[in-house]
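Below: the structure, in structure tokens.
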Amino acid sequence: MSDYTQMWSDLGLDLAGHDALLSVLGGAYQDIFLSQKNRPEGMEYFDFVMSEVHGLRIKELMEARDQGRIVVGSYCVFVPEELVLAVDGISVGLCAGAEFNFEGAEEVVPRNLCPLIKSAFGFKRGLVCPYLEASDIVVGENTCDGKKKSYEILAPMVNDLYVVDLPQMKSDSGKKLLREEYRAFMAKLEDKSARQITLDSLKKGIAVTNAKRQAVKRLAELRKADPAPISGLDALLVNQIFFYDDPVRFTASVNALCDELEERVKKGEGVFPKGTPRLVISGCPMAVPNWKVPFIVESSGAVIVGEESCVGERGTRWLTAGDGTSVEELLDAITERYFNIDCAVFTPNPSRLQHIEEMFGSYNARGIVHYSLQFCHPYIVESGPVENDLEGSGIPVLRLETDYSQEDTGQIKTRVEAFLERIHKE
Ligand code: SF4
Ligand code: SF4
């Protein structure tokens with residue numbers, strides 16, 4: 001890793017803090033991922049990506065910038081990668097999943113804020129995230145109140161913060177607003193990159209993004225087998241790397257992994273024995289290195305077979321129609337695609353509940369773990385009605401609310417074990 005010290009220094013990172021972060025990340029990765037049994041060989045690529053997540057990948061971003069390409073960092077799946085690729089830009093996810101420098105974060109944002117937002121500020125103020133420091137534009141969005149107001153505080157700390165206004169209701173006027181916002185975002189990207197979005201460049205952006213989504217959808221299909229051919233932890237990792245890696249290389253690597261998993265399914269091989277209780281996890285996104293709950297679940301005798309999450313199916317289940325014959329038609333298609341996303345910031349939000357029910361059935365699950373980050377009002381408020389509805393339909397639900405600390409690990413494990421006992425009895 002020391003080969004990269006000059007690069008991190010050029011990016012303005014705090015080298016001591018950055019070392020500390022990498023050491024925590026490396027230790028957790030070793031304990032959680034590399035200790036798993038029966039991992040598919042195709043995971044070696046993703047292990048390599050993780051080992052180079054602050055190294056080789058950042059070097060690639062810096063080389064791309066030297067060639068005149070822009071890096072666009074974002075915090076939400078409402079930011080269309082298709083548009084970034086259409087100006088030959090590189091899209092990177094900036095969501096942070098570690099309790100790092102919360103003291104520094106709490107000097108500028110309230111303590112009672114969701115850990116995902118606090119982590120983003122902890123990373124920024126500690127100068128430890130090379131993706132954030134390498135971003136030419138940081139894209140925010142008006143989703144939850146916490147993020148919306150936090151961008152006002154983040155703006156003076158980053159290169160160029162651009163906020164997309166998002167609708168809160170699935171109405172005609174909401175869709176119109178989204179289209180106008182995407183049109184303005186296109187103009188911003190064109191201006192920043194000094195490149196024009198053309199029919200061809202946008203079609204290419206759509207094709208690359210769709211291929212990436214199709215690969216993770218293929219992975220999701222394979223997880224329907226019993227025994228599950230891959231752990232929920234490894235599948236989550238693939239879904240997390242979705243936001244960082246080169247999209248074409250990522251797509252090829254996921255497809256190679258799926259080829260191997262197909263063979264496993266044919267032979268009836270899996271990571272856990274056939275009949276292991278299968279759970280779907282639903283709720284807030286899990287950004288790297290937030291692996292706490294999946295690790296607890298999978299070390300308690302269950303397997304996670306699907307994620308109803310933005311780092312999961314909520315972020316990837318829709319494709320963008322790429323057959324339009326003008327940039328305007330393609331922009332319509334992009335708007336249609338993203339307007340489907342059933343984030344809890346929308347009111348009402350019935351399609352999310354419907355999707356959880358569908359996932360429960362199609363993955364042959366035995367229960368749902370509803371996962372909320374502390375102080376995330378949209379998902380915590382929605383979790384009550386979601387639990388009532390699902391339980392009313394005979395679907396067992398375990399409702400968890402947690403943060404990024406390890407303090408509640410024992411308590412969560414006890415609750416997960418009690419939930420599994422309940423499932424075994426039903
Ligand atoms: S949960 Fe909502 S706000 Fe968060 S990434 Fe997903 S769509 Fe964006
Ligand atoms: S987890 Fe909830 S509170 Fe946190 S950023 Fe996402 S929607 Fe907002």
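Chain labels run A, B, ... following the order of the structure tokens; each chain numbers its residues from 1, and ligands are numbered from 1 in the order shown.
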Next item on the list: Write as a PyMOL selection string the residues around ligand 1, taking 7 Å as the cut-off and counting only C-alpha atoms and all ligand atoms.
Entry: chain A and resi 75-78+143-144+284-285+310+341+343-345
Against ligand 2, which residues of chain A fall within 6 Å? For each one I want the closest pair of atoms and the distance in Å (one decimal), counting only C-alpha atoms and all ligand atoms, rows by chain and increasing residue number, as JSON lines.
```
{"residue": "A:Cys114", "atom": "CA", "partner": "ligand 2", "partner_atom_place_in_ligand_line": "4 (Fe)", "distance": 4.7}
{"residue": "A:Leu116", "atom": "CA", "partner": "ligand 2", "partner_atom_place_in_ligand_line": "4 (Fe)", "distance": 5.3}
{"residue": "A:Ile117", "atom": "CA", "partner": "ligand 2", "partner_atom_place_in_ligand_line": "5 (S)", "distance": 5.6}
{"residue": "A:Cys144", "atom": "CA", "partner": "ligand 2", "partner_atom_place_in_ligand_line": "8 (Fe)", "distance": 4.6}
{"residue": "A:Gly146", "atom": "CA", "partner": "ligand 2", "partner_atom_place_in_ligand_line": "8 (Fe)", "distance": 5.7}
{"residue": "A:Lys147", "atom": "CA", "partner": "ligand 2", "partner_atom_place_in_ligand_line": "5 (S)", "distance": 5.5}
{"residue": "A:Cys284", "atom": "CA", "partner": "ligand 2", "partner_atom_place_in_ligand_line": "1 (S)", "distance": 5.2}
{"residue": "A:Leu373", "atom": "CA", "partner": "ligand 2", "partner_atom_place_in_ligand_line": "1 (S)", "distance": 5.8}
{"residue": "A:Cys376", "atom": "CA", "partner": "ligand 2", "partner_atom_place_in_ligand_line": "3 (S)", "distance": 3.6}
```
Give me a file of those residues, with all heavy atoms, as a short mmCIF file (atom, residue, chain, number, x, y, z; two decimals), in the first residue's frame.
```cif
data_model
loop_
_atom_site.label_atom_id
_atom_site.label_comp_id
_atom_site.auth_asym_id
_atom_site.auth_seq_id
_atom_site.Cartn_x
_atom_site.Cartn_y
_atom_site.Cartn_z
N CYS A 114 -28.53 10.36 11.48
CA CYS A 114 -28.26 8.96 11.12
C CYS A 114 -26.76 8.75 10.91
O CYS A 114 -26.05 9.64 10.44
CB CYS A 114 -29.09 8.56 9.91
SG CYS A 114 -28.20 8.42 8.39
N LEU A 116 -25.11 7.18 8.77
CA LEU A 116 -24.63 7.27 7.39
C LEU A 116 -24.19 8.72 7.08
O LEU A 116 -23.13 8.96 6.50
CB LEU A 116 -25.75 6.82 6.46
CG LEU A 116 -25.37 6.31 5.09
CD1 LEU A 116 -26.36 5.26 4.63
CD2 LEU A 116 -25.34 7.43 4.10
N ILE A 117 -24.99 9.66 7.52
CA ILE A 117 -24.65 11.07 7.27
C ILE A 117 -23.46 11.47 8.15
O ILE A 117 -22.52 12.13 7.68
CB ILE A 117 -25.86 11.99 7.56
CG1 ILE A 117 -27.07 11.56 6.73
CG2 ILE A 117 -25.51 13.45 7.27
CD1 ILE A 117 -28.35 12.32 7.04
N CYS A 144 -34.03 12.69 2.36
CA CYS A 144 -34.48 12.85 3.75
C CYS A 144 -34.05 14.22 4.27
O CYS A 144 -33.15 14.86 3.71
CB CYS A 144 -33.89 11.74 4.61
SG CYS A 144 -32.09 11.81 4.70
N GLY A 146 -32.39 14.93 6.95
CA GLY A 146 -31.02 14.91 7.45
C GLY A 146 -30.03 15.23 6.35
O GLY A 146 -29.15 16.09 6.50
N LYS A 147 -30.18 14.54 5.20
CA LYS A 147 -29.24 14.78 4.10
C LYS A 147 -29.45 16.17 3.51
O LYS A 147 -28.49 16.92 3.29
CB LYS A 147 -29.45 13.73 2.99
CG LYS A 147 -28.77 12.42 3.29
CD LYS A 147 -28.26 11.73 2.03
CE LYS A 147 -29.20 10.67 1.56
NZ LYS A 147 -28.69 9.92 0.42
N CYS A 284 -32.72 0.33 5.27
CA CYS A 284 -31.70 1.32 4.94
C CYS A 284 -30.54 0.68 4.18
O CYS A 284 -30.23 -0.49 4.40
CB CYS A 284 -31.14 1.94 6.22
SG CYS A 284 -32.31 2.99 7.08
N LEU A 373 -31.41 2.35 10.27
CA LEU A 373 -30.33 3.05 10.96
C LEU A 373 -30.94 4.01 11.97
O LEU A 373 -32.00 4.62 11.69
CB LEU A 373 -29.47 3.83 9.95
CG LEU A 373 -28.52 2.98 9.12
CD1 LEU A 373 -27.93 3.78 7.97
CD2 LEU A 373 -27.41 2.39 9.98
N CYS A 376 -32.93 7.44 11.41
CA CYS A 376 -33.41 7.52 10.01
C CYS A 376 -34.93 7.52 10.05
O CYS A 376 -35.57 6.47 10.05
CB CYS A 376 -32.91 6.33 9.19
SG CYS A 376 -33.74 6.28 7.59
#
```
Check: For Arg314 in chain A, which of A:Lys148, A:His355, A:Lys118, A:His370 is the closest residue, counting only C-alpha atoms?
Finding: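 Smallest separation from Arg314 in chain A among the options: A:His355.
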Margin query: Considering only helix (DSSP H, G or I) as DSSP defines it on the backbone, what residues of range 337-418 of chain A qualify? List them as a PyMOL selection string.
Written below: chain A and resi 337-339+350-362+377-392+409-418
Item checked: Atom pair CA of Ser23 in chain A / CA of Ile230 in chain A: separation (Å) ->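 CA of Ser23 in chain A sits 26.5 Å away from CA of Ile230 in chain A.
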